[in-house]
2 protein chains.
Amino acid sequence: MQAAIIRDKQFWIEDIPTPQPGPGQVLVKVLSCGICGSDIHLFNQGPDLVAKAAAAGAPIDDIGTDMVLGHEFVGEIVSFGPETTEALAVGDRVTSVPFLMKDGVVIPIGASKATTGAYAQYLLLTEAALVLVPESMSNDAAALAEPLAIGVHAVAKANAVSTDAALVIGCGPIGLATVAALRMRGVTQIIAADYSNRRRQLAEQMGASRVVNPAEENPYEALQSITATDNIIFECVGLKGLIHEIIVGAPQGSRVVIAGICMEEDLFMPMLAVSKELCLQFVTYYTPEEFAESLQALAEERFNWRPWITGRVNLRGVSDAFEALKDPEQHAKILIEPWS
Amino acid sequence: MQAAIIRDKQFWIEDIPTPQPGPGQVLVKVLSCGICGSDIHLFNQGPDLVAKAAAAGAPIDDIGTDMVLGHEFVGEIVSFGPETTEALAVGDRVTSVPFLMKDGVVIPIGASKATTGAYAQYLLLTEAALVLVPESMSNDAAALAEPLAIGVHAVAKANAVSTDAALVIGCGPIGLATVAALRMRGVTQIIAADYSNRRRQLAEQMGASRVVNPAEENPYEALQSITATDNIIFECVGLKGLIHEIIVGAPQGSRVVIAGICMEEDLFMPMLAVSKELCLQFVTYYTPEEFAESLQALAEERFNWRPWITGRVNLRGVSDAFEALKDPEQHAKILIEPWS
């Protein structure tokens, strides 16, 4: 099969053996796969992480060269391995949380060398984790279930209720998913903040009630001007210094959900957070139920997800897509279609 | 009246005019007042804060020289000001949250020059905030209502349930109050950690199921070894670096309640907190209901509060008491009795 393989900080489109489903596994033909911000992190910083870990005497075997990314996928069942129930049929369209059970170990699909991700023509999945994609649902919508689940989880961990006011800092894919998930939960007062015009426009299209350019207006003052039961702030950027900025700006008693991933050491003032009785809830991933809920919401067209998809490439286009995603004015989510 | 006045980083016992109750206020004879850790902070760092603020062009008028501390008090009603209901009677023993309404402004009692605190023979209180002390209750127990309320609030903000396991870091007054409040809420698995033998002993006497000396045993591993619904960690120290240590040590999904007050900038690794989905709840003070609940719990002897009180002085002994409180092997809570 064809796959986009990472080697020497480049993508190589190569023929590699199609994987064979083991016990409890199914082989799936990949129809579409989204490019995630964490893919770009892994592509750019993976080699450094591997080198640093090796230098520190704790080598990482799991990521690095010859890895195949891709964890936001939709596919079609091709064949079943041993010890499967075959409750679904060959040809059924499916998706799943990106984890593969292999020899009793859970492997993160698209973030490990132990299995290939969905930047390839075929993929192994765990039968027990499969979710059937409704017939009326497009591949585009199904591929968004995984990134949407990140937002659904962040909003669930915030215990958001419809009378809350939300401020979403950063309108990249996680911020946009959070805006959509807030809408799904009935929250109507959603301020979305981003320096990019295009990203603010996308946030509005996906359900933000108001958008703010932080270069022109203080997002925290915008939040304070709203009457609400509680204030919830979502950090969807992951830049050093932003948590401190939020602590300074947050209204008294706010809940702050940290969905962005800052990989560096960061500074903050505990005393300020104490005096405001802030709650900082750090979040990652989602539950299988939240994943299924996200797929369902997309199937039911519960929000306008179409603007989220800004591009479409085949495997040879992955490299250019990674380059294009650097410009927030140009792109939000690019889908890879390995058979086109 | 006699009062212990702060001037030039010393206590001066002086005669000052007995305050006169204004509208809605009552005059109370102080029977007992605990020394709080924040009193020691204000005594030691107050002048620096005032100097720094003045140098920065934002002078603080509220704290500083000639201030009278004391916000953990019990007293006896002496007289009523105008516009009071006199629902209680002269001679009734009372306590209250440490806030005085004066000309429509809320003044923190014992932390402001706008009213004298309870390191004095008399005190002004707001009639509407008074809580009657049950007849059978000692002054000792009543004086502990305020510090206990800090723990009751911390535990309430953690939403602790009886099947949770708790780790209390630091067994100073806030840590001890937290241990007692956890017991009051039905939590039975309470690990208390402190380097001081005496403080660990106090924590056991007040309800800790296990004590740990961090010099000998990792408190986080002790927590991990317990089977519980959820893990809750209480930071009751306020030292720089401790929040990072907790993030490193905390089990996956822990709730962390920050009750300690670190006045400096602090470093942490957001990525670690993200990967564990930690929740950092910063807390301060308590509600009037939590204050009343604390007084009630002490009246009902719902835990063994007696070991908490380790000393007793009159106004002339305040200076020595502040010195003695530096040694955790010697003291936890010292009460001031201004009439003895």
# chains A, B, ... in the order shown; residues from 1 in each chain; ligands from 1
call {"tool": "interface_residues", "arguments": {"of": "chain B", "to": "chain A", "cutoff": "8 Å", "atoms": "only C-alpha atoms", "output": "PyMOL selection string"}}
result
chain B and resi 258-259+261-271+273-284
call {"tool": "calpha_fit_and_write", "arguments": {"fixed": "chain B", "moving": "chain A", "output": "mmCIF file with C-alpha atoms, in the first residue's frame"}}
result
data_model
loop_
_atom_site.group_PDB
_atom_site.id
_atom_site.type_symbol
_atom_site.label_atom_id
_atom_site.label_comp_id
_atom_site.auth_asym_id
_atom_site.auth_seq_id
_atom_site.Cartn_x
_atom_site.Cartn_y
_atom_site.Cartn_z
ATOM 1 C CA MET A 1 -8.700 50.049 75.857
ATOM 2 C CA GLN A 2 -5.485 48.061 75.614
ATOM 3 C CA ALA A 3 -4.395 46.897 72.177
ATOM 4 C CA ALA A 4 -1.318 45.293 70.578
ATOM 5 C CA ILE A 5 -0.267 47.788 67.935
ATOM 6 C CA ILE A 6 2.237 47.139 65.131
ATOM 7 C CA ARG A 7 4.860 49.834 64.720
ATOM 8 C CA ASP A 8 8.449 49.509 63.400
ATOM 9 C CA LYS A 9 8.061 45.714 63.092
ATOM 10 C CA GLN A 10 7.292 45.452 66.808
ATOM 11 C CA PHE A 11 4.210 45.082 68.961
ATOM 12 C CA TRP A 12 3.420 47.966 71.333
ATOM 13 C CA ILE A 13 0.805 47.467 74.034
ATOM 14 C CA GLU A 14 -0.907 50.827 74.286
ATOM 15 C CA ASP A 15 -4.068 52.478 75.513
ATOM 16 C CA ILE A 16 -6.158 53.612 72.593
ATOM 17 C CA PRO A 17 -9.740 54.940 72.521
ATOM 18 C CA THR A 18 -12.380 52.235 72.707
ATOM 19 C CA PRO A 19 -14.203 52.311 69.364
ATOM 20 C CA GLN A 20 -17.825 53.489 69.264
ATOM 21 C CA PRO A 21 -20.346 51.392 67.325
ATOM 22 C CA GLY A 22 -21.757 53.164 64.278
ATOM 23 C CA PRO A 23 -24.979 52.368 62.421
ATOM 24 C CA GLY A 24 -25.596 48.594 62.237
ATOM 25 C CA GLN A 25 -22.574 47.893 64.443
ATOM 26 C CA VAL A 26 -22.098 46.410 67.903
ATOM 27 C CA LEU A 27 -19.266 46.814 70.395
ATOM 28 C CA VAL A 28 -17.902 43.502 71.640
ATOM 29 C CA LYS A 29 -15.525 42.695 74.490
ATOM 30 C CA VAL A 30 -12.881 40.333 73.110
ATOM 31 C CA LEU A 31 -12.656 37.114 75.121
ATOM 32 C CA SER A 32 -10.184 35.226 72.937
ATOM 33 C CA CYS A 33 -8.449 35.572 69.572
ATOM 34 C CA GLY A 34 -6.274 33.097 67.663
ATOM 35 C CA ILE A 35 -3.022 34.022 65.938
ATOM 36 C CA CYS A 36 -3.211 33.190 62.223
ATOM 37 C CA GLY A 37 -0.358 32.475 59.815
ATOM 38 C CA SER A 38 -1.557 35.408 57.726
ATOM 39 C CA ASP A 39 -1.090 37.667 60.793
ATOM 40 C CA ILE A 40 2.551 36.627 60.832
ATOM 41 C CA HIS A 41 2.803 37.334 57.077
ATOM 42 C CA LEU A 42 1.287 40.794 57.565
ATOM 43 C CA PHE A 43 3.543 41.524 60.544
ATOM 44 C CA ASN A 44 6.712 40.490 58.692
ATOM 45 C CA GLN A 45 5.950 41.488 55.115
ATOM 46 C CA GLY A 46 3.411 44.284 55.541
ATOM 47 C CA PRO A 47 5.985 47.105 55.714
ATOM 48 C CA ASP A 48 7.754 45.786 52.585
ATOM 49 C CA LEU A 49 4.450 45.591 50.722
ATOM 50 C CA VAL A 50 3.629 49.159 51.727
ATOM 51 C CA ALA A 51 7.089 50.396 50.695
ATOM 52 C CA LYS A 52 6.988 48.533 47.360
ATOM 53 C CA ALA A 53 3.511 49.815 46.568
ATOM 54 C CA ALA A 54 4.515 53.385 47.411
ATOM 55 C CA ALA A 55 7.657 53.093 45.249
ATOM 56 C CA ALA A 56 5.497 51.804 42.401
ATOM 57 C CA GLY A 57 3.270 54.857 42.710
ATOM 58 C CA ALA A 58 0.256 52.912 43.996
ATOM 59 C CA PRO A 59 0.313 53.581 47.748
ATOM 60 C CA ILE A 60 -1.632 51.198 50.030
ATOM 61 C CA ASP A 61 -3.401 53.131 52.778
ATOM 62 C CA ASP A 62 -5.079 50.145 54.307
ATOM 63 C CA ILE A 63 -2.309 48.195 56.001
ATOM 64 C CA GLY A 64 0.952 49.069 57.698
ATOM 65 C CA THR A 65 2.042 50.926 60.787
ATOM 66 C CA ASP A 66 -0.299 51.345 63.803
ATOM 67 C CA MET A 67 -2.522 48.482 62.630
ATOM 68 C CA VAL A 68 -4.207 46.071 65.088
ATOM 69 C CA LEU A 69 -4.363 42.442 63.890
ATOM 70 C CA GLY A 70 -6.802 39.685 64.905
ATOM 71 C CA HIS A 71 -9.622 38.021 62.953
ATOM 72 C CA GLU A 72 -10.186 34.681 64.792
ATOM 73 C CA PHE A 73 -12.211 36.003 67.715
ATOM 74 C CA VAL A 74 -14.971 35.313 70.199
ATOM 75 C CA GLY A 75 -16.459 38.128 72.285
ATOM 76 C CA GLU A 76 -19.328 39.348 74.400
ATOM 77 C CA ILE A 77 -21.791 42.042 73.336
ATOM 78 C CA VAL A 78 -21.227 45.295 75.261
ATOM 79 C CA SER A 79 -23.411 47.818 73.426
ATOM 80 C CA PHE A 80 -25.383 48.431 70.251
ATOM 81 C CA GLY A 81 -24.947 51.270 67.778
ATOM 82 C CA PRO A 82 -27.825 53.082 66.048
ATOM 83 C CA GLU A 83 -29.930 51.266 63.439
ATOM 84 C CA THR A 84 -29.508 47.867 65.102
ATOM 85 C CA THR A 85 -32.295 45.363 65.844
ATOM 86 C CA GLU A 86 -30.880 44.208 69.214
ATOM 87 C CA ALA A 87 -32.113 40.702 68.409
ATOM 88 C CA LEU A 88 -29.285 39.489 70.653
ATOM 89 C CA ALA A 89 -28.660 40.919 74.127
ATOM 90 C CA VAL A 90 -25.823 42.636 75.955
ATOM 91 C CA GLY A 91 -23.696 39.865 77.495
ATOM 92 C CA ASP A 92 -24.376 37.327 74.723
ATOM 93 C CA ARG A 93 -21.282 35.597 73.450
ATOM 94 C CA VAL A 94 -20.814 35.979 69.712
ATOM 95 C CA THR A 95 -18.436 35.501 66.845
ATOM 96 C CA SER A 96 -18.646 36.507 63.182
ATOM 97 C CA VAL A 97 -16.935 36.402 59.824
ATOM 98 C CA PRO A 98 -14.169 39.024 60.042
ATOM 99 C CA PHE A 99 -15.769 41.754 57.957
ATOM 100 C CA LEU A 100 -17.140 45.079 59.171
ATOM 101 C CA MET A 101 -19.663 47.120 57.194
ATOM 102 C CA LYS A 102 -18.760 50.788 57.632
ATOM 103 C CA ASP A 103 -20.305 53.559 55.535
ATOM 104 C CA GLY A 104 -21.348 50.994 52.945
ATOM 105 C CA VAL A 105 -17.813 49.590 52.600
ATOM 106 C CA VAL A 106 -16.694 46.089 53.657
ATOM 107 C CA ILE A 107 -13.556 46.268 55.815
ATOM 108 C CA PRO A 108 -11.517 43.119 56.592
ATOM 109 C CA ILE A 109 -11.228 43.023 60.383
ATOM 110 C CA GLY A 110 -7.635 42.509 61.537
ATOM 111 C CA ALA A 111 -6.211 43.298 58.109
ATOM 112 C CA SER A 112 -6.956 47.010 57.760
ATOM 113 C CA LYS A 113 -6.238 50.265 59.503
ATOM 114 C CA ALA A 114 -9.884 51.282 58.985
ATOM 115 C CA THR A 115 -10.930 49.277 62.063
ATOM 116 C CA THR A 116 -9.076 47.594 64.930
ATOM 117 C CA GLY A 117 -8.706 43.808 64.992
ATOM 118 C CA ALA A 118 -9.116 41.489 67.966
ATOM 119 C CA TYR A 119 -5.592 41.822 69.402
ATOM 120 C CA ALA A 120 -7.385 44.343 71.650
ATOM 121 C CA GLN A 121 -9.868 44.455 74.497
ATOM 122 C CA TYR A 122 -12.792 45.626 72.364
ATOM 123 C CA LEU A 123 -13.899 45.172 68.787
ATOM 124 C CA LEU A 124 -16.569 46.500 66.440
ATOM 125 C CA LEU A 125 -18.676 43.916 64.598
ATOM 126 C CA THR A 126 -21.545 44.070 62.122
ATOM 127 C CA GLU A 127 -24.793 43.115 63.871
ATOM 128 C CA ALA A 128 -26.188 41.331 60.806
ATOM 129 C CA ALA A 129 -23.126 39.046 60.681
ATOM 130 C CA LEU A 130 -23.181 37.968 64.349
ATOM 131 C CA VAL A 131 -23.411 34.282 65.206
ATOM 132 C CA LEU A 132 -24.434 33.362 68.745
ATOM 133 C CA VAL A 133 -21.990 31.044 70.525
ATOM 134 C CA PRO A 134 -23.885 28.187 72.271
ATOM 135 C CA GLU A 135 -23.709 28.444 76.067
ATOM 136 C CA SER A 136 -22.065 25.071 76.513
ATOM 137 C CA MET A 137 -19.262 25.994 74.121
ATOM 138 C CA SER A 138 -15.889 27.176 75.411
ATOM 139 C CA ASN A 139 -14.172 30.338 74.214
ATOM 140 C CA ASP A 140 -11.323 28.124 73.011
ATOM 141 C CA ALA A 141 -13.596 26.163 70.681
ATOM 142 C CA ALA A 142 -15.390 29.282 69.423
ATOM 143 C CA ALA A 143 -12.099 30.985 68.530
ATOM 144 C CA LEU A 144 -11.319 28.069 66.219
ATOM 145 C CA ALA A 145 -14.424 28.559 64.050
ATOM 146 C CA GLU A 146 -12.625 30.946 61.674
ATOM 147 C CA PRO A 147 -9.533 28.809 60.935
ATOM 148 C CA LEU A 148 -11.702 25.689 60.719
ATOM 149 C CA ALA A 149 -13.904 27.437 58.139
ATOM 150 C CA ILE A 150 -10.845 27.756 55.869
ATOM 151 C CA GLY A 151 -10.570 23.953 55.843
ATOM 152 C CA VAL A 152 -14.335 23.456 55.490
ATOM 153 C CA HIS A 153 -14.302 25.738 52.448
ATOM 154 C CA ALA A 154 -11.280 23.999 50.866
ATOM 155 C CA VAL A 155 -12.946 20.607 51.282
ATOM 156 C CA ALA A 156 -16.271 21.920 49.934
ATOM 157 C CA LYS A 157 -14.565 23.398 46.849
ATOM 158 C CA ALA A 158 -12.968 19.978 46.285
ATOM 159 C CA ASN A 159 -16.441 18.356 46.284
ATOM 160 C CA ALA A 160 -14.920 15.676 48.496
ATOM 161 C CA VAL A 161 -17.042 12.565 49.089
ATOM 162 C CA SER A 162 -16.547 9.847 51.675
ATOM 163 C CA THR A 163 -15.044 7.394 49.182
ATOM 164 C CA ASP A 164 -12.301 9.811 48.095
ATOM 165 C CA ALA A 165 -8.727 9.580 49.298
ATOM 166 C CA ALA A 166 -7.107 12.811 50.451
ATOM 167 C CA LEU A 167 -3.506 13.875 50.790
ATOM 168 C CA VAL A 168 -2.973 16.975 52.931
ATOM 169 C CA ILE A 169 0.442 18.561 52.295
ATOM 170 C CA GLY A 170 1.487 20.601 55.325
ATOM 171 C CA CYS A 171 0.050 20.291 58.831
ATOM 172 C CA GLY A 172 0.077 23.929 59.894
ATOM 173 C CA PRO A 173 -3.249 25.483 60.956
ATOM 174 C CA ILE A 174 -4.733 25.290 57.424
ATOM 175 C CA GLY A 175 -3.624 21.690 56.975
ATOM 176 C CA LEU A 176 -5.013 20.713 60.380
ATOM 177 C CA ALA A 177 -8.307 22.489 59.614
ATOM 178 C CA THR A 178 -8.457 20.596 56.310
ATOM 179 C CA VAL A 179 -7.902 17.255 58.050
ATOM 180 C CA ALA A 180 -10.722 18.052 60.489
ATOM 181 C CA ALA A 181 -13.032 19.257 57.706
ATOM 182 C CA LEU A 182 -12.396 16.075 55.698
ATOM 183 C CA ARG A 183 -13.429 14.025 58.741
ATOM 184 C CA MET A 184 -16.552 16.169 59.153
ATOM 185 C CA ARG A 185 -17.460 15.324 55.548
ATOM 186 C CA GLY A 186 -17.041 11.608 56.126
ATOM 187 C CA VAL A 187 -13.729 11.139 54.335
ATOM 188 C CA THR A 188 -11.804 8.449 56.186
ATOM 189 C CA GLN A 189 -8.719 7.954 54.024
ATOM 190 C CA ILE A 190 -6.659 11.018 54.916
ATOM 191 C CA ILE A 191 -2.888 11.056 54.538
ATOM 192 C CA ALA A 192 -1.235 14.071 56.180
ATOM 193 C CA ALA A 193 2.352 14.998 55.282
ATOM 194 C CA ASP A 194 4.705 17.249 57.257
ATOM 195 C CA TYR A 195 8.415 17.267 58.114
ATOM 196 C CA SER A 196 7.632 18.065 61.768
ATOM 197 C CA ASN A 197 6.989 15.211 64.198
ATOM 198 C CA ARG A 198 4.761 17.354 66.357
ATOM 199 C CA ARG A 199 2.656 18.529 63.443
ATOM 200 C CA ARG A 200 2.184 14.965 62.189
ATOM 201 C CA GLN A 201 1.127 13.963 65.681
ATOM 202 C CA LEU A 202 -1.432 16.808 65.755
ATOM 203 C CA ALA A 203 -2.768 15.738 62.354
ATOM 204 C CA GLU A 204 -3.298 12.218 63.669
ATOM 205 C CA GLN A 205 -5.072 13.543 66.746
ATOM 206 C CA MET A 206 -7.369 15.635 64.550
ATOM 207 C CA GLY A 207 -8.331 12.771 62.267
ATOM 208 C CA ALA A 208 -5.622 11.815 59.741
ATOM 209 C CA SER A 209 -5.746 8.077 59.048
ATOM 210 C CA ARG A 210 -2.055 8.058 58.200
ATOM 211 C CA VAL A 211 0.847 10.476 58.505
ATOM 212 C CA VAL A 212 3.908 10.671 56.296
ATOM 213 C CA ASN A 213 7.271 12.329 56.817
ATOM 214 C CA PRO A 214 8.285 13.410 53.272
ATOM 215 C CA ALA A 215 11.932 13.063 54.303
ATOM 216 C CA GLU A 216 11.362 9.335 54.690
ATOM 217 C CA GLU A 217 8.468 8.441 52.383
ATOM 218 C CA ASN A 218 6.994 9.824 49.159
ATOM 219 C CA PRO A 219 3.525 11.170 50.061
ATOM 220 C CA TYR A 220 2.268 10.756 46.468
ATOM 221 C CA GLU A 221 3.223 7.078 46.438
ATOM 222 C CA ALA A 222 1.393 6.706 49.741
ATOM 223 C CA LEU A 223 -1.685 8.222 48.075
ATOM 224 C CA GLN A 224 -1.368 5.969 45.014
ATOM 225 C CA SER A 225 -1.346 2.897 47.240
ATOM 226 C CA ILE A 226 -4.928 3.624 48.373
ATOM 227 C CA THR A 227 -8.006 2.451 46.463
ATOM 228 C CA ALA A 228 -10.463 5.352 46.193
ATOM 229 C CA THR A 229 -13.098 6.927 43.948
ATOM 230 C CA ASP A 230 -10.947 10.001 43.413
ATOM 231 C CA ASN A 231 -7.735 11.468 44.731
ATOM 232 C CA ILE A 232 -7.705 14.949 46.202
ATOM 233 C CA ILE A 233 -4.488 16.723 47.150
ATOM 234 C CA PHE A 234 -4.555 19.788 49.413
ATOM 235 C CA GLU A 235 -1.627 22.224 49.179
ATOM 236 C CA CYS A 236 -1.568 23.842 52.650
ATOM 237 C CA VAL A 237 1.963 25.270 52.682
ATOM 238 C CA GLY A 238 2.352 28.052 50.080
ATOM 239 C CA LEU A 239 6.002 27.451 49.205
ATOM 240 C CA LYS A 240 7.394 28.218 45.742
ATOM 241 C CA GLY A 241 7.930 24.990 43.762
ATOM 242 C CA LEU A 242 5.354 22.965 45.653
ATOM 243 C CA ILE A 243 2.656 23.189 42.962
ATOM 244 C CA HIS A 244 5.149 21.796 40.437
ATOM 245 C CA GLU A 245 6.046 19.011 42.855
ATOM 246 C CA ILE A 246 2.364 18.157 43.257
ATOM 247 C CA ILE A 247 1.805 18.107 39.477
ATOM 248 C CA VAL A 248 4.738 15.697 39.124
ATOM 249 C CA GLY A 249 3.547 13.472 41.982
ATOM 250 C CA ALA A 250 -0.240 13.564 41.584
ATOM 251 C CA PRO A 251 -2.047 10.465 40.302
ATOM 252 C CA GLN A 252 -3.887 10.765 36.953
ATOM 253 C CA GLY A 253 -7.089 12.817 37.208
ATOM 254 C CA SER A 254 -6.444 14.175 40.713
ATOM 255 C CA ARG A 255 -8.149 17.279 42.015
ATOM 256 C CA VAL A 256 -5.620 19.623 43.615
ATOM 257 C CA VAL A 257 -6.846 22.288 46.019
ATOM 258 C CA ILE A 258 -4.399 25.167 46.530
ATOM 259 C CA ALA A 259 -5.080 26.658 49.966
ATOM 260 C CA GLY A 260 -1.500 27.719 50.678
ATOM 261 C CA ILE A 261 -0.508 31.204 49.655
ATOM 262 C CA CYS A 262 2.678 31.481 47.586
ATOM 263 C CA MET A 263 3.368 35.208 47.243
ATOM 264 C CA GLU A 264 6.063 34.786 44.562
ATOM 265 C CA GLU A 265 6.088 33.939 40.884
ATOM 266 C CA ASP A 266 6.185 30.168 40.456
ATOM 267 C CA LEU A 267 7.210 27.715 37.714
ATOM 268 C CA PHE A 268 5.282 24.716 36.452
ATOM 269 C CA MET A 269 4.976 22.412 33.438
ATOM 270 C CA PRO A 270 1.515 22.770 31.824
ATOM 271 C CA MET A 271 2.164 19.697 29.634
ATOM 272 C CA LEU A 272 2.453 17.437 32.684
ATOM 273 C CA ALA A 273 -0.822 18.735 34.110
ATOM 274 C CA VAL A 274 -2.479 18.269 30.696
ATOM 275 C CA SER A 275 -1.303 14.672 30.327
ATOM 276 C CA LYS A 276 -2.751 13.832 33.760
ATOM 277 C CA GLU A 277 -5.932 15.923 33.309
ATOM 278 C CA LEU A 278 -5.365 17.519 36.709
ATOM 279 C CA CYS A 279 -7.737 20.098 38.147
ATOM 280 C CA LEU A 280 -6.125 22.910 40.183
ATOM 281 C CA GLN A 281 -8.726 24.629 42.342
ATOM 282 C CA PHE A 282 -7.370 27.741 44.081
ATOM 283 C CA VAL A 283 -9.288 28.712 47.240
ATOM 284 C CA THR A 284 -9.488 31.506 49.783
ATOM 285 C CA TYR A 285 -11.798 32.385 52.713
ATOM 286 C CA TYR A 286 -15.239 30.721 53.130
ATOM 287 C CA THR A 287 -18.928 31.564 52.947
ATOM 288 C CA PRO A 288 -20.919 32.768 56.007
ATOM 289 C CA GLU A 289 -22.704 29.382 55.902
ATOM 290 C CA GLU A 290 -19.386 27.525 56.057
ATOM 291 C CA PHE A 291 -18.346 29.731 58.990
ATOM 292 C CA ALA A 292 -21.561 28.882 60.863
ATOM 293 C CA GLU A 293 -21.133 25.177 60.012
ATOM 294 C CA SER A 294 -17.623 25.279 61.483
ATOM 295 C CA LEU A 295 -18.815 26.854 64.745
ATOM 296 C CA GLN A 296 -21.543 24.226 64.974
ATOM 297 C CA ALA A 297 -19.121 21.352 64.364
ATOM 298 C CA LEU A 298 -16.866 22.629 67.153
ATOM 299 C CA ALA A 299 -19.868 23.045 69.480
ATOM 300 C CA GLU A 300 -20.901 19.462 68.768
ATOM 301 C CA GLU A 301 -17.348 18.206 69.355
ATOM 302 C CA ARG A 302 -17.425 16.511 65.959
ATOM 303 C CA PHE A 303 -13.649 16.117 66.084
ATOM 304 C CA ASN A 304 -10.959 16.429 68.695
ATOM 305 C CA TRP A 305 -10.033 20.111 68.371
ATOM 306 C CA ARG A 306 -8.198 20.384 71.724
ATOM 307 C CA PRO A 307 -4.708 19.396 70.519
ATOM 308 C CA TRP A 308 -4.865 22.242 67.984
ATOM 309 C CA ILE A 309 -4.507 24.853 70.770
ATOM 310 C CA THR A 310 -0.927 24.747 71.971
ATOM 311 C CA GLY A 311 -0.592 28.023 73.849
ATOM 312 C CA ARG A 312 -2.322 30.958 75.477
ATOM 313 C CA VAL A 313 -1.006 34.485 76.109
ATOM 314 C CA ASN A 314 -2.236 37.940 77.111
ATOM 315 C CA LEU A 315 -1.575 41.056 75.030
ATOM 316 C CA ARG A 316 1.947 41.475 76.467
ATOM 317 C CA GLY A 317 2.714 37.921 75.334
ATOM 318 C CA VAL A 318 1.872 38.483 71.648
ATOM 319 C CA SER A 319 5.436 39.291 70.668
ATOM 320 C CA ASP A 320 6.817 36.117 72.268
ATOM 321 C CA ALA A 321 3.977 34.094 70.762
ATOM 322 C CA PHE A 322 4.922 35.279 67.259
ATOM 323 C CA GLU A 323 8.492 34.171 67.955
ATOM 324 C CA ALA A 324 7.396 30.810 69.392
ATOM 325 C CA LEU A 325 5.178 30.064 66.364
ATOM 326 C CA LYS A 326 8.304 29.860 64.192
ATOM 327 C CA ASP A 327 8.990 26.424 65.624
ATOM 328 C CA PRO A 328 6.504 23.818 64.365
ATOM 329 C CA GLU A 329 7.693 21.349 67.008
ATOM 330 C CA GLN A 330 6.502 23.721 69.682
ATOM 331 C CA HIS A 331 3.253 25.308 68.528
ATOM 332 C CA ALA A 332 0.223 25.188 66.209
ATOM 333 C CA LYS A 333 -2.403 27.666 67.436
ATOM 334 C CA ILE A 334 -1.820 30.236 70.209
ATOM 335 C CA LEU A 335 -4.815 32.115 71.626
ATOM 336 C CA ILE A 336 -4.631 35.695 72.899
ATOM 337 C CA GLU A 337 -6.802 36.521 75.903
ATOM 338 C CA PRO A 338 -6.750 40.326 76.115
ATOM 339 C CA TRP A 339 -8.227 40.501 79.618
ATOM 340 C CA SER A 340 -5.995 37.967 81.350
#
call {"tool": "select_by_dssp", "arguments": {"residues": "region 134-325 of chain A", "states": "alpha helix (DSSP H)", "output": "ChimeraX atom specification"}}
result
/A:139-143,145-157,173-184,197-205,219-224,242-249,270-275,288-299,318-324
call {"tool": "select_by_dssp", "arguments": {"residues": "region 157-240 of chain B", "states": "strand (DSSP E or B)", "output": "ChimeraX atom specification"}}
result
/B:165-169,189-193,210-212,231-235
